[in-house]
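Listing of entry.tsv, TSV, C-alpha atoms and all ligand atoms
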```tsv
chain	number	residue	atom	x	y	z
A	1	MET	CA	117.19	27.80	138.80
A	2	SER	CA	113.80	26.83	140.25
A	3	SER	CA	111.59	23.95	139.11
A	4	PHE	CA	107.80	23.89	138.76
A	5	LYS	CA	105.86	23.60	141.99
A	6	PRO	CA	103.57	20.54	141.75
A	7	LEU	CA	99.96	21.61	141.15
A	8	VAL	CA	96.95	19.48	140.22
A	9	PHE	CA	94.26	20.94	137.94
A	10	SER	CA	91.16	19.38	136.37
A	11	GLY	CA	87.70	20.37	135.18
A	12	VAL	CA	84.24	18.97	134.51
A	13	GLN	CA	81.66	20.43	132.11
A	14	PRO	CA	78.22	21.40	133.44
A	15	THR	CA	76.48	19.58	130.62
A	16	GLY	CA	74.01	17.25	132.30
A	17	ASN	CA	73.89	14.59	134.94
A	18	LEU	CA	77.25	13.37	136.17
A	19	HIS	CA	77.60	9.65	135.65
A	20	LEU	CA	79.67	6.79	137.03
A	21	GLY	CA	82.33	7.33	134.32
A	22	ASN	CA	82.87	10.94	135.42
A	23	TYR	CA	82.91	9.83	139.05
A	24	LEU	CA	85.34	6.89	138.76
A	25	GLY	CA	87.42	8.28	135.88
A	26	ALA	CA	87.84	11.77	137.29
A	27	ILE	CA	86.17	12.96	140.51
A	28	LYS	CA	87.28	10.05	142.70
A	29	LYS	CA	90.86	10.75	141.57
A	30	PHE	CA	90.42	14.45	142.36
A	31	VAL	CA	89.55	13.49	145.93
A	32	ALA	CA	92.48	11.08	146.28
A	33	LEU	CA	94.99	13.65	144.97
A	34	GLN	CA	94.02	16.22	147.60
A	35	ASP	CA	96.30	14.62	150.16
A	36	GLY	CA	99.77	16.06	149.78
A	37	ASN	CA	99.06	18.23	146.69
A	38	ASP	CA	97.74	21.71	145.95
A	39	CYS	CA	94.67	21.21	143.75
A	40	MET	CA	92.40	23.35	141.61
A	41	TYR	CA	89.06	21.91	140.48
A	42	CYS	CA	87.02	23.84	137.98
A	43	VAL	CA	83.50	23.67	136.55
A	44	VAL	CA	84.32	24.46	132.94
A	45	ASP	CA	81.20	26.37	131.96
A	46	LEU	CA	82.79	28.02	128.91
A	47	HIS	CA	83.50	24.57	127.48
A	48	SER	CA	79.82	23.70	127.74
A	49	LEU	CA	79.05	26.33	125.07
A	50	THR	CA	81.11	24.54	122.42
A	51	ALA	CA	78.58	21.81	121.61
A	52	GLN	CA	75.41	23.72	122.55
A	53	LEU	CA	75.21	27.49	122.94
A	54	VAL	CA	71.83	27.90	124.60
A	55	HIS	CA	71.26	26.04	127.89
A	56	ASP	CA	68.08	26.37	129.94
A	57	ASP	CA	69.78	25.92	133.27
A	58	LEU	CA	73.52	26.50	133.00
A	59	GLU	CA	73.71	28.24	136.39
A	60	ASP	CA	72.05	25.31	138.15
A	61	GLN	CA	74.12	22.75	136.27
A	62	THR	CA	77.25	24.61	137.40
A	63	ARG	CA	76.03	24.52	141.01
A	64	GLN	CA	75.17	20.83	140.64
A	65	ILE	CA	78.71	19.87	139.52
A	66	THR	CA	80.13	21.98	142.35
A	67	ALA	CA	77.87	20.14	144.81
A	68	ALA	CA	79.15	16.83	143.38
A	69	PHE	CA	82.77	17.90	143.93
A	70	LEU	CA	82.01	18.84	147.52
A	71	ALA	CA	79.83	15.75	148.17
A	72	ALA	CA	82.59	13.47	146.88
A	73	GLY	CA	84.93	14.98	149.47
A	74	ILE	CA	86.81	17.88	147.86
A	75	ASP	CA	87.75	20.41	150.52
A	76	PRO	CA	87.15	23.97	149.20
A	77	GLU	CA	89.07	25.53	152.08
A	78	LYS	CA	92.31	23.69	151.35
A	79	HIS	CA	91.91	23.60	147.56
A	80	VAL	CA	90.46	25.95	144.94
A	81	VAL	CA	86.98	25.15	143.59
A	82	PHE	CA	85.59	27.62	141.04
A	83	ASN	CA	83.83	28.09	137.72
A	84	GLN	CA	85.88	28.87	134.64
A	85	SER	CA	84.01	31.92	133.33
A	86	ARG	CA	84.75	33.83	136.55
A	87	VAL	CA	88.42	33.90	135.59
A	88	MET	CA	88.61	35.72	132.26
A	89	GLN	CA	92.33	34.96	131.97
A	90	HIS	CA	91.38	31.43	130.76
A	91	ALA	CA	89.78	32.95	127.66
A	92	GLU	CA	92.65	35.41	127.19
A	93	LEU	CA	95.29	32.67	127.26
A	94	ALA	CA	93.10	30.46	125.03
A	95	TRP	CA	93.20	33.19	122.36
A	96	ILE	CA	96.98	33.27	122.51
A	97	PHE	CA	97.06	29.46	122.31
A	98	ASN	CA	94.73	29.63	119.27
A	99	CYS	CA	97.59	31.48	117.65
A	100	VAL	CA	100.19	28.97	118.90
A	101	ALA	CA	98.30	25.78	117.93
A	102	ARG	CA	97.99	24.75	114.27
A	103	ILE	CA	94.68	23.99	112.56
A	104	GLY	CA	96.05	20.56	111.58
A	105	TRP	CA	96.52	19.71	115.28
A	106	MET	CA	92.89	20.54	116.01
A	107	ASN	CA	91.59	18.67	112.97
A	108	ARG	CA	93.20	15.48	114.25
A	109	MET	CA	91.32	15.49	117.57
A	110	THR	CA	89.06	12.45	117.74
A	111	GLN	CA	86.65	14.16	120.16
A	112	PHE	CA	86.08	16.92	117.60
A	113	LYS	CA	85.45	14.34	114.88
A	114	ASP	CA	83.02	12.40	117.12
A	115	LYS	CA	81.14	15.44	118.37
A	116	ALA	CA	81.04	17.30	115.04
A	117	GLY	CA	79.84	14.13	113.29
A	118	LYS	CA	79.22	14.29	109.55
A	119	ASP	CA	78.20	17.96	109.55
A	120	ARG	CA	81.65	19.35	110.39
A	121	GLU	CA	81.13	22.64	108.55
A	122	ASN	CA	78.25	23.39	110.88
A	123	ALA	CA	80.12	22.65	114.13
A	124	SER	CA	81.02	25.73	116.18
A	125	LEU	CA	84.49	27.18	115.89
A	126	GLY	CA	84.56	26.78	119.69
A	127	LEU	CA	84.22	23.00	119.35
A	128	LEU	CA	87.28	22.92	117.09
A	129	ALA	CA	89.22	25.20	119.45
A	130	TYR	CA	88.07	23.31	122.61
A	131	PRO	CA	91.55	21.78	123.26
A	132	SER	CA	93.14	25.21	123.13
A	133	LEU	CA	90.85	26.46	125.90
A	134	MET	CA	91.57	23.27	127.84
A	135	ALA	CA	95.31	23.92	127.50
A	136	ALA	CA	94.73	27.45	128.79
A	137	ASP	CA	92.69	26.15	131.77
A	138	ILE	CA	95.67	24.02	132.80
A	139	LEU	CA	98.58	26.26	131.87
A	140	VAL	CA	97.20	29.53	133.21
A	141	TYR	CA	98.03	27.97	136.61
A	142	ARG	CA	101.18	26.26	135.22
A	143	ALA	CA	99.65	23.03	136.57
A	144	THR	CA	101.94	20.01	136.50
A	145	HIS	CA	99.41	17.16	136.89
A	146	VAL	CA	95.95	16.65	135.38
A	147	PRO	CA	93.71	13.75	136.48
A	148	VAL	CA	91.27	12.79	133.70
A	149	GLY	CA	89.58	9.82	132.08
A	150	GLU	CA	91.25	8.15	129.13
A	151	ASP	CA	89.07	10.02	126.60
A	152	GLN	CA	90.98	13.21	127.43
A	153	LYS	CA	94.44	11.75	126.74
A	154	GLN	CA	94.72	13.22	123.26
A	155	HIS	CA	93.74	16.70	124.50
A	156	LEU	CA	96.45	16.52	127.15
A	157	GLU	CA	99.02	15.56	124.55
A	158	LEU	CA	97.98	18.66	122.64
A	159	THR	CA	98.35	20.74	125.82
A	160	ARG	CA	101.95	19.49	126.02
A	161	ASP	CA	102.52	20.37	122.35
A	162	ILE	CA	101.18	23.89	122.89
A	163	ALA	CA	103.35	24.42	125.98
A	164	GLN	CA	106.41	23.17	124.13
A	165	LYS	CA	105.81	25.35	121.06
A	166	PHE	CA	105.25	28.43	123.22
A	167	ASN	CA	108.43	27.68	125.19
A	168	ASN	CA	110.41	27.22	121.96
A	169	ASP	CA	108.96	30.16	120.03
A	170	PHE	CA	109.57	32.56	122.90
A	171	SER	CA	112.68	30.94	124.40
A	172	GLU	CA	114.90	34.02	124.06
A	173	ARG	CA	112.33	36.40	125.51
A	174	ILE	CA	111.57	33.99	128.37
A	175	ALA	CA	115.29	33.78	129.20
A	176	ALA	CA	115.81	37.55	128.82
A	177	ARG	CA	113.12	38.20	131.43
A	178	GLY	CA	114.47	35.54	133.79
A	179	LEU	CA	111.14	33.68	133.56
A	180	GLY	CA	112.49	30.27	132.51
A	181	VAL	CA	111.98	27.28	134.77
A	182	GLU	CA	114.11	24.17	134.46
A	183	MET	CA	112.49	20.84	133.65
A	184	LYS	CA	113.49	17.36	132.52
A	185	MET	CA	112.57	16.35	128.96
A	186	GLY	CA	113.78	12.79	128.53
A	187	ASP	CA	117.50	12.86	129.32
A	188	GLU	CA	117.78	16.59	128.70
A	189	THR	CA	117.21	19.45	131.11
A	190	VAL	CA	115.48	22.34	129.32
A	191	GLN	CA	114.01	25.69	130.32
A	192	GLY	CA	110.53	26.93	129.61
A	193	TYR	CA	107.79	29.18	130.94
A	194	PHE	CA	105.07	26.52	130.84
A	195	PRO	CA	105.47	23.04	132.34
A	196	ILE	CA	105.00	19.96	130.17
A	197	THR	CA	102.01	18.69	132.12
A	198	GLU	CA	101.70	15.05	133.16
A	199	PRO	CA	98.33	13.34	132.65
A	200	VAL	CA	97.10	11.27	135.60
A	201	ILE	CA	95.18	8.54	133.79
A	202	GLY	CA	94.91	4.91	134.70
A	203	GLY	CA	93.48	2.35	137.06
A	204	PRO	CA	90.65	-0.05	136.28
A	205	ALA	CA	88.09	2.73	135.66
A	206	ALA	CA	89.91	5.10	133.31
A	207	ARG	CA	87.37	4.36	130.59
A	208	ILE	CA	83.94	3.24	131.73
A	209	MET	CA	81.79	2.03	128.86
A	210	SER	CA	78.06	2.28	128.18
A	211	LEU	CA	75.98	-0.37	129.98
A	212	ARG	CA	74.15	-0.99	126.69
A	213	ASP	CA	77.15	-1.17	124.34
A	214	GLY	CA	80.65	-2.12	125.49
A	215	SER	CA	82.21	-0.36	122.49
A	216	LYS	CA	80.91	3.13	123.42
A	217	LYS	CA	82.05	5.16	126.42
A	218	MET	CA	79.53	5.97	129.13
A	219	SER	CA	78.45	9.49	128.29
A	220	LYS	CA	76.11	12.23	129.51
A	221	SER	CA	74.83	12.76	125.99
A	222	ASP	CA	73.86	9.14	125.24
A	223	PRO	CA	70.11	9.26	124.50
A	224	SER	CA	69.54	6.05	126.50
A	225	ASP	CA	69.40	6.65	130.26
A	226	LEU	CA	69.89	2.89	130.70
A	227	SER	CA	73.40	3.30	129.24
A	228	ARG	CA	74.72	5.11	132.31
A	229	ILE	CA	74.43	5.26	136.09
A	230	ASN	CA	73.83	8.86	137.11
A	231	LEU	CA	75.24	10.05	140.42
A	232	THR	CA	71.71	11.11	141.34
A	233	ASP	CA	70.12	7.69	140.61
A	234	ASP	CA	68.39	6.03	143.56
A	235	ALA	CA	69.02	2.43	144.66
A	236	ASP	CA	66.18	1.04	142.50
A	237	ALA	CA	67.42	2.80	139.36
A	238	ILE	CA	71.02	1.65	139.96
A	239	SER	CA	69.93	-1.99	140.49
A	240	LYS	CA	67.65	-1.95	137.45
A	241	LYS	CA	70.35	-0.51	135.16
A	242	ILE	CA	72.92	-3.07	136.30
A	243	ARG	CA	70.37	-5.91	135.96
A	244	LYS	CA	69.62	-4.77	132.40
A	245	ALA	CA	73.29	-4.17	131.49
A	246	LYS	CA	74.33	-6.03	128.35
A	247	THR	CA	76.55	-9.06	129.05
A	248	ASP	CA	77.46	-12.36	127.42
A	249	PRO	CA	76.35	-15.87	128.52
A	250	ASP	CA	79.73	-17.00	129.91
A	251	ALA	CA	80.88	-17.08	133.52
A	252	LEU	CA	83.62	-14.70	134.70
A	253	PRO	CA	87.16	-15.93	133.95
A	254	SER	CA	89.90	-16.39	136.52
A	255	GLU	CA	92.45	-14.16	134.75
A	256	VAL	CA	92.25	-10.65	133.24
A	257	ASP	CA	93.38	-12.08	129.88
A	258	GLY	CA	90.15	-14.05	129.81
A	259	LEU	CA	88.21	-10.75	129.51
A	260	ALA	CA	89.74	-10.04	126.08
A	261	GLY	CA	87.01	-9.80	123.44
A	262	ARG	CA	84.34	-9.52	126.15
A	263	PRO	CA	83.95	-5.70	126.44
A	264	GLU	CA	80.73	-5.74	128.47
A	265	ALA	CA	82.12	-8.25	130.99
A	266	GLU	CA	85.36	-6.28	131.23
A	267	ASN	CA	83.41	-3.07	131.81
A	268	LEU	CA	81.38	-4.49	134.71
A	269	VAL	CA	84.52	-5.95	136.30
A	270	GLY	CA	86.23	-2.55	135.87
A	271	ILE	CA	83.28	-0.77	137.51
A	272	TYR	CA	83.40	-3.18	140.45
A	273	ALA	CA	87.16	-2.67	140.75
A	274	GLY	CA	86.86	1.14	140.57
A	275	LEU	CA	84.12	1.25	143.21
A	276	ALA	CA	85.91	-1.16	145.56
A	277	ASP	CA	89.43	0.27	145.01
A	278	MET	CA	90.62	-3.11	143.79
A	279	SER	CA	92.40	-4.27	140.64
A	280	LYS	CA	90.45	-6.21	138.00
A	281	GLN	CA	92.50	-9.27	138.91
A	282	ASP	CA	91.44	-8.93	142.58
A	283	VAL	CA	87.80	-8.88	141.45
A	284	LEU	CA	88.32	-12.00	139.34
A	285	ASN	CA	90.07	-13.73	142.24
A	286	GLU	CA	86.83	-13.24	144.15
A	287	PHE	CA	84.34	-14.00	141.35
A	288	ALA	CA	86.11	-16.47	138.99
A	289	GLY	CA	83.60	-18.96	137.53
A	290	VAL	CA	80.61	-16.90	138.73
A	291	GLN	CA	77.66	-16.21	136.38
A	292	PHE	CA	76.35	-12.67	135.77
A	293	SER	CA	73.13	-13.67	137.56
A	294	VAL	CA	75.24	-13.67	140.74
A	295	PHE	CA	77.84	-11.00	139.87
A	296	LYS	CA	75.30	-8.33	138.86
A	297	PRO	CA	73.47	-8.25	142.22
A	298	ALA	CA	76.84	-8.07	144.03
A	299	LEU	CA	77.84	-5.16	141.79
A	300	ALA	CA	74.49	-3.42	142.32
A	301	ASP	CA	74.85	-3.72	146.12
A	302	LEU	CA	78.36	-2.27	145.95
A	303	ALA	CA	77.30	0.58	143.65
A	304	VAL	CA	74.40	1.52	145.93
A	305	GLU	CA	76.64	1.32	149.02
A	306	LYS	CA	79.27	3.62	147.45
A	307	LEU	CA	77.06	6.05	145.54
A	308	ALA	CA	74.07	6.54	147.87
A	309	PRO	CA	76.07	8.60	150.43
A	310	VAL	CA	77.46	10.81	147.64
A	311	ALA	CA	73.97	11.35	146.19
A	312	ALA	CA	72.53	12.18	149.63
A	313	GLU	CA	75.33	14.64	150.31
A	314	MET	CA	74.85	16.20	146.86
A	315	ARG	CA	71.16	16.77	147.64
A	316	ARG	CA	72.02	18.30	151.02
A	317	ILE	CA	74.67	20.62	149.61
A	318	SER	CA	72.59	21.59	146.55
A	319	ALA	CA	69.77	22.73	148.85
A	320	ASP	CA	72.15	25.35	150.30
A	321	ARG	CA	72.54	27.48	147.21
A	322	ALA	CA	74.10	30.39	149.10
A	323	TYR	CA	76.87	28.10	150.34
A	324	VAL	CA	77.61	26.70	146.86
A	325	ASP	CA	77.68	30.22	145.40
A	326	ALA	CA	80.03	31.40	148.16
A	327	VAL	CA	82.43	28.49	147.46
A	328	LEU	CA	82.54	29.41	143.76
A	329	ARG	CA	82.93	33.14	144.44
A	330	ASN	CA	85.75	32.58	146.90
A	331	GLY	CA	87.46	30.02	144.64
A	332	GLY	CA	87.10	32.42	141.70
A	333	GLU	CA	88.91	35.18	143.59
A	334	ARG	CA	91.78	32.87	144.55
A	335	ALA	CA	92.05	31.49	141.01
A	336	ARG	CA	91.95	34.96	139.41
A	337	ALA	CA	94.94	36.17	141.43
A	338	LEU	CA	97.01	33.15	140.33
A	339	ALA	CA	95.90	33.38	136.70
A	340	GLU	CA	96.61	37.11	136.49
A	341	ALA	CA	100.20	36.57	137.69
A	342	THR	CA	100.73	34.15	134.77
A	343	MET	CA	99.06	36.46	132.26
A	344	HIS	CA	101.22	39.36	133.40
A	345	ASP	CA	104.29	37.28	132.48
A	346	VAL	CA	102.74	36.02	129.24
A	347	ARG	CA	101.82	39.54	128.05
A	348	SER	CA	105.34	40.67	128.83
A	349	ILE	CA	106.90	37.69	127.00
A	350	ILE	CA	104.76	38.30	123.91
A	351	GLY	CA	105.07	42.08	123.94
A	352	LEU	CA	101.51	43.08	124.73
A	353	LEU	CA	101.53	46.48	126.47
A	354	GLN	CA	99.94	46.42	129.91
A	355	ASP	CA	99.72	48.54	133.07
B	401	LIG	N1	83.08	7.02	130.40
B	401	LIG	C1	84.05	7.60	131.09
B	401	LIG	N2	84.96	6.86	131.78
B	401	LIG	C2	85.95	7.45	132.50
B	401	LIG	N3	86.10	8.79	132.60
B	401	LIG	C3	85.20	9.57	131.94
B	401	LIG	N4	85.06	10.91	131.82
B	401	LIG	C4	83.99	11.19	131.04
B	401	LIG	N5	83.42	10.05	130.62
B	401	LIG	C5	84.15	9.02	131.15
B	401	LIG	C6	85.93	11.88	132.48
B	401	LIG	O1	85.11	12.75	133.25
B	401	LIG	C7	85.74	14.04	133.29
B	401	LIG	C8	84.73	15.11	133.01
B	401	LIG	O2	84.21	14.94	131.71
B	401	LIG	P1	83.53	16.17	130.99
B	401	LIG	O3	82.19	16.40	131.52
B	401	LIG	O4	84.39	17.33	131.07
B	401	LIG	O5	83.49	15.80	129.48
B	401	LIG	P2	83.13	14.54	128.67
B	401	LIG	O6	84.32	13.64	128.64
B	401	LIG	O7	82.69	15.08	127.38
B	401	LIG	O8	81.94	13.83	129.47
B	401	LIG	P3	80.77	13.00	128.85
B	401	LIG	O9	79.98	12.43	129.92
B	401	LIG	O10	81.25	12.04	127.84
B	401	LIG	O11	79.91	14.12	128.15
B	401	LIG	P4	79.40	14.18	126.67
B	401	LIG	O12	78.34	13.19	126.56
B	401	LIG	O13	78.92	15.59	126.56
B	401	LIG	O14	80.57	13.88	125.79
B	401	LIG	C9	86.89	14.01	132.28
B	401	LIG	O15	88.11	13.83	133.00
B	401	LIG	C10	86.60	12.79	131.46
B	401	LIG	O16	87.79	12.19	130.96
```
Can the structure in the file be given as structure tokens, please?
Ligand code: AQP
Amino acid sequence: MSSFKPLVFSGVQPTGNLHLGNYLGAIKKFVALQDGNDCMYCVVDLHSLTAQLVHDDLEDQTRQITAAFLAAGIDPEKHVVFNQSRVMQHAELAWIFNCVARIGWMNRMTQFKDKAGKDRENASLGLLAYPSLMAADILVYRATHVPVGEDQKQHLELTRDIAQKFNNDFSERIAARGLGVEMKMGDETVQGYFPITEPVIGGPAARIMSLRDGSKKMSKSDPSDLSRINLTDDADAISKKIRKAKTDPDALPSEVDGLAGRPEAENLVGIYAGLADMSKQDVLNEFAGVQFSVFKPALADLAVEKLAPVAAEMRRISADRAYVDAVLRNGGERARALAEATMHDVRSIIGLLQD
């Protein structure tokens, strides 16, 4: 009996300027995971329709995210970089998962509640079904590991629930076709067609907060541009936003415990740690007792040093539209072949006639 081949998958929506949260929480991890793993990184353009159907510049936003992947260091020769809508099998599997998942599961998703707001009845059906499409993105490649920020944890738990229900509901048919793969579930060894995917979440920057409000996550859709550092910000903008970041009047503590109840201070320490590849404690070892008037300029210098080369590379790559399009086309072809192999099995397991 075989076991699942390790495969990393993750996606980013083309819904506006990438910010430091996307970079530290996700893209930097994508780059690190390239060594020693097969990886698939996707611009999830179909997801971007769930909150807003009409976009003025979806094609360019898709190219822009692709340029950010490449500028950050993702190698499109060794790994697969593509846009979701090129591989129609994502949408096909999402429909099947809509029939696997329960409405109650979707209703519990905090991202749906946040994004739908008070006017839930008027939210798109796509926004409610978003996690089902996300599960399909991952499972159509039978990916085993998914690097994401902490805000996506609940969606990944739902992906695991969907995989498990599919494996259970179709267990006999999966076994009859010899399509079961062995995996560990706690102390038990079970068989299933889909892996129970592991989230890769963690580190000091798994949840970067708004620079204006330490209780809200840094987000593309925050109306205040001062709340986030965009990957395309120049040195002056980065320094200004860090200078204006909300803080408290106290000096930095010597221990991580001393950051409890100080969300803005904890956020800036986390950003420093994420940019410098240090732990929060390492940062405090260096800056214990220091006032924000000293820490903020040090953080701004570090942010400019780390982000300026990525921004410059993004501009260079974006200018070569033919190259970006070729990367996506080539990645789409590679992804489609893999996704179709899964869908062939899935159609057979379910009993959908096919050629
Ligand atoms: N603040 C954050 N801290 C750490 N990680 C974050 N991510 C997003 N915000 C933070 C991670 O970035 C990846 C891509 O996110 P996405 O574009 O697919 O969706 P999102 O989470 O909806 O991003 P935004 O910026 O918050 O957009 P809006 O404003 O539209 O909601 C994911 O891995 C995510 O966890």
message: List as a PyMOL selection string the protein and nucleic acid residues near Leu139 in chain A, meaning an atom at most 7 Å away when all atoms listed in the file are counted, but skip any in the same chain fewer than 4 places from it.
response: chain A and resi 135+143+194
Write the residues of the selection above to a file with C-alpha atoms, as a PDB file, in the frame of the given file.
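Below is the file that was written, part-v1.pdb:
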```pdb
ATOM      1  CA  ALA A 135      95.310  23.920 127.500  1.00  0.00           C
ATOM      2  CA  ALA A 143      99.650  23.030 136.570  1.00  0.00           C
ATOM      3  CA  PHE A 194     105.070  26.520 130.840  1.00  0.00           C
TER       4      PHE A 194
END
```
query: A:Thr159, A:Asn22, A:Gln281, A:Ser132: which is nearest Ala91 in chain A, counting all atoms listed in the file?
result: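 Closest to Ala91 in chain A of all the choices is A:Ser132.
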Residues within 9 Å of ligand LIG 401 (chain B) (only C-alpha atoms and all ligand atoms), as a short mmCIF file (atom, residue, chain, number, x, y, z; two decimals) with C-alpha atoms, in the coordinates of the input?
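And here is the file that came out, part.cif:
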```
data_model
loop_
_atom_site.label_atom_id
_atom_site.label_comp_id
_atom_site.auth_asym_id
_atom_site.auth_seq_id
_atom_site.Cartn_x
_atom_site.Cartn_y
_atom_site.Cartn_z
CA SER A 10 91.16 19.38 136.37
CA GLY A 11 87.70 20.37 135.18
CA VAL A 12 84.24 18.97 134.51
CA GLN A 13 81.66 20.43 132.11
CA PRO A 14 78.22 21.40 133.44
CA THR A 15 76.48 19.58 130.62
CA GLY A 16 74.01 17.25 132.30
CA ASN A 17 73.89 14.59 134.94
CA LEU A 18 77.25 13.37 136.17
CA HIS A 19 77.60 9.65 135.65
CA LEU A 20 79.67 6.79 137.03
CA GLY A 21 82.33 7.33 134.32
CA ASN A 22 82.87 10.94 135.42
CA TYR A 23 82.91 9.83 139.05
CA LEU A 24 85.34 6.89 138.76
CA GLY A 25 87.42 8.28 135.88
CA ALA A 26 87.84 11.77 137.29
CA ILE A 27 86.17 12.96 140.51
CA VAL A 43 83.50 23.67 136.55
CA VAL A 44 84.32 24.46 132.94
CA HIS A 47 83.50 24.57 127.48
CA SER A 48 79.82 23.70 127.74
CA ALA A 51 78.58 21.81 121.61
CA GLN A 111 86.65 14.16 120.16
CA LYS A 115 81.14 15.44 118.37
CA VAL A 146 95.95 16.65 135.38
CA PRO A 147 93.71 13.75 136.48
CA VAL A 148 91.27 12.79 133.70
CA GLY A 149 89.58 9.82 132.08
CA GLU A 150 91.25 8.15 129.13
CA ASP A 151 89.07 10.02 126.60
CA GLN A 152 90.98 13.21 127.43
CA LYS A 153 94.44 11.75 126.74
CA ILE A 201 95.18 8.54 133.79
CA ALA A 205 88.09 2.73 135.66
CA ALA A 206 89.91 5.10 133.31
CA ARG A 207 87.37 4.36 130.59
CA ILE A 208 83.94 3.24 131.73
CA MET A 209 81.79 2.03 128.86
CA SER A 210 78.06 2.28 128.18
CA LYS A 216 80.91 3.13 123.42
CA LYS A 217 82.05 5.16 126.42
CA MET A 218 79.53 5.97 129.13
CA SER A 219 78.45 9.49 128.29
CA LYS A 220 76.11 12.23 129.51
CA SER A 221 74.83 12.76 125.99
CA ASP A 222 73.86 9.14 125.24
CA ARG A 228 74.72 5.11 132.31
#
```
message: Just to confirm, what's the straight-line distance from CA of Gly332 in chain A to CA of Ser124 in chain A in Å (one decimal)?
response: 27.1 Å
Skipping near chain neighbours, those fewer than 5 positions away, what residues fall within 10 Å of Asn168 in chain A using all atoms listed in the file, listed as a CSV table (one decimal) with C-alpha atoms, in the coordinates of the input?
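Full text of around_36.csv as output:
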```
chain,number,residue,atom,x,y,z
A,162,ILE,CA,101.2,23.9,122.9
A,163,ALA,CA,103.4,24.4,126.0
A,174,ILE,CA,111.6,34.0,128.4
A,191,GLN,CA,114.0,25.7,130.3
A,192,GLY,CA,110.5,26.9,129.6
A,193,TYR,CA,107.8,29.2,130.9
```
- request: Using only C-alpha atoms, find the one residue out of A:Leu156, A:Ser254, A:Lys113, A:Lys296 that sits nearest to Leu211 in chain A.
  value: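 Comparing A:Leu156, A:Ser254, A:Lys113, A:Lys296 against Leu211 in chain A, the winner is A:Lys296.
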- request: Would you mind listing what lies within 10 Å of Arg142 in chain A as an MDAnalysis selection string, with all atoms listed in the file counted and same-chain residues fewer than 5 positions away left out?
  value: chainID A and resid 4:9 135:137 163 193:197 338:339 342
task: Figure out the distance between CA of Arg336 in chain A and CA of Arg86 in chain A, please, to one decimal in Å.
output: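 If I compute the distance from CA of Arg86 in chain A to CA of Arg336 in chain A, I get 7.8 Å.
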task: Please indicate the distance in Å from CA of Met343 in chain A to CA of Glu198 in chain A, rounded to one decimal place.
output: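 Going from CA of Met343 in chain A over to CA of Glu198 in chain A covers 21.6 Å.
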task: Pick out the residues sitting within 12 Å of Gly261 in chain A, and hand them over as number ranges by chain; count all atoms listed in the file, and ignore anything fewer than 6 positions along from it in its own chain.
output: A: 214-215, 247-248, 267
query: Nearest to Ile96 in chain A among A:Arg316, A:Arg173, A:Lys244, A:Lys165, with distances taken over all atoms listed in the file: which residue is it?
result: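 Of all the options, A:Lys165 lies closest to Ile96 in chain A.
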Long-range neighbours of Leu128 in chain A as a list of chain:residue names, 7 Å cut-off, only C-alpha atoms, 2 positions minimum in chain: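 Residues near the query, excluding close chain neighbours: A:Met106, A:Phe112, A:Ser124, A:Leu125, A:Gly126, A:Tyr130.
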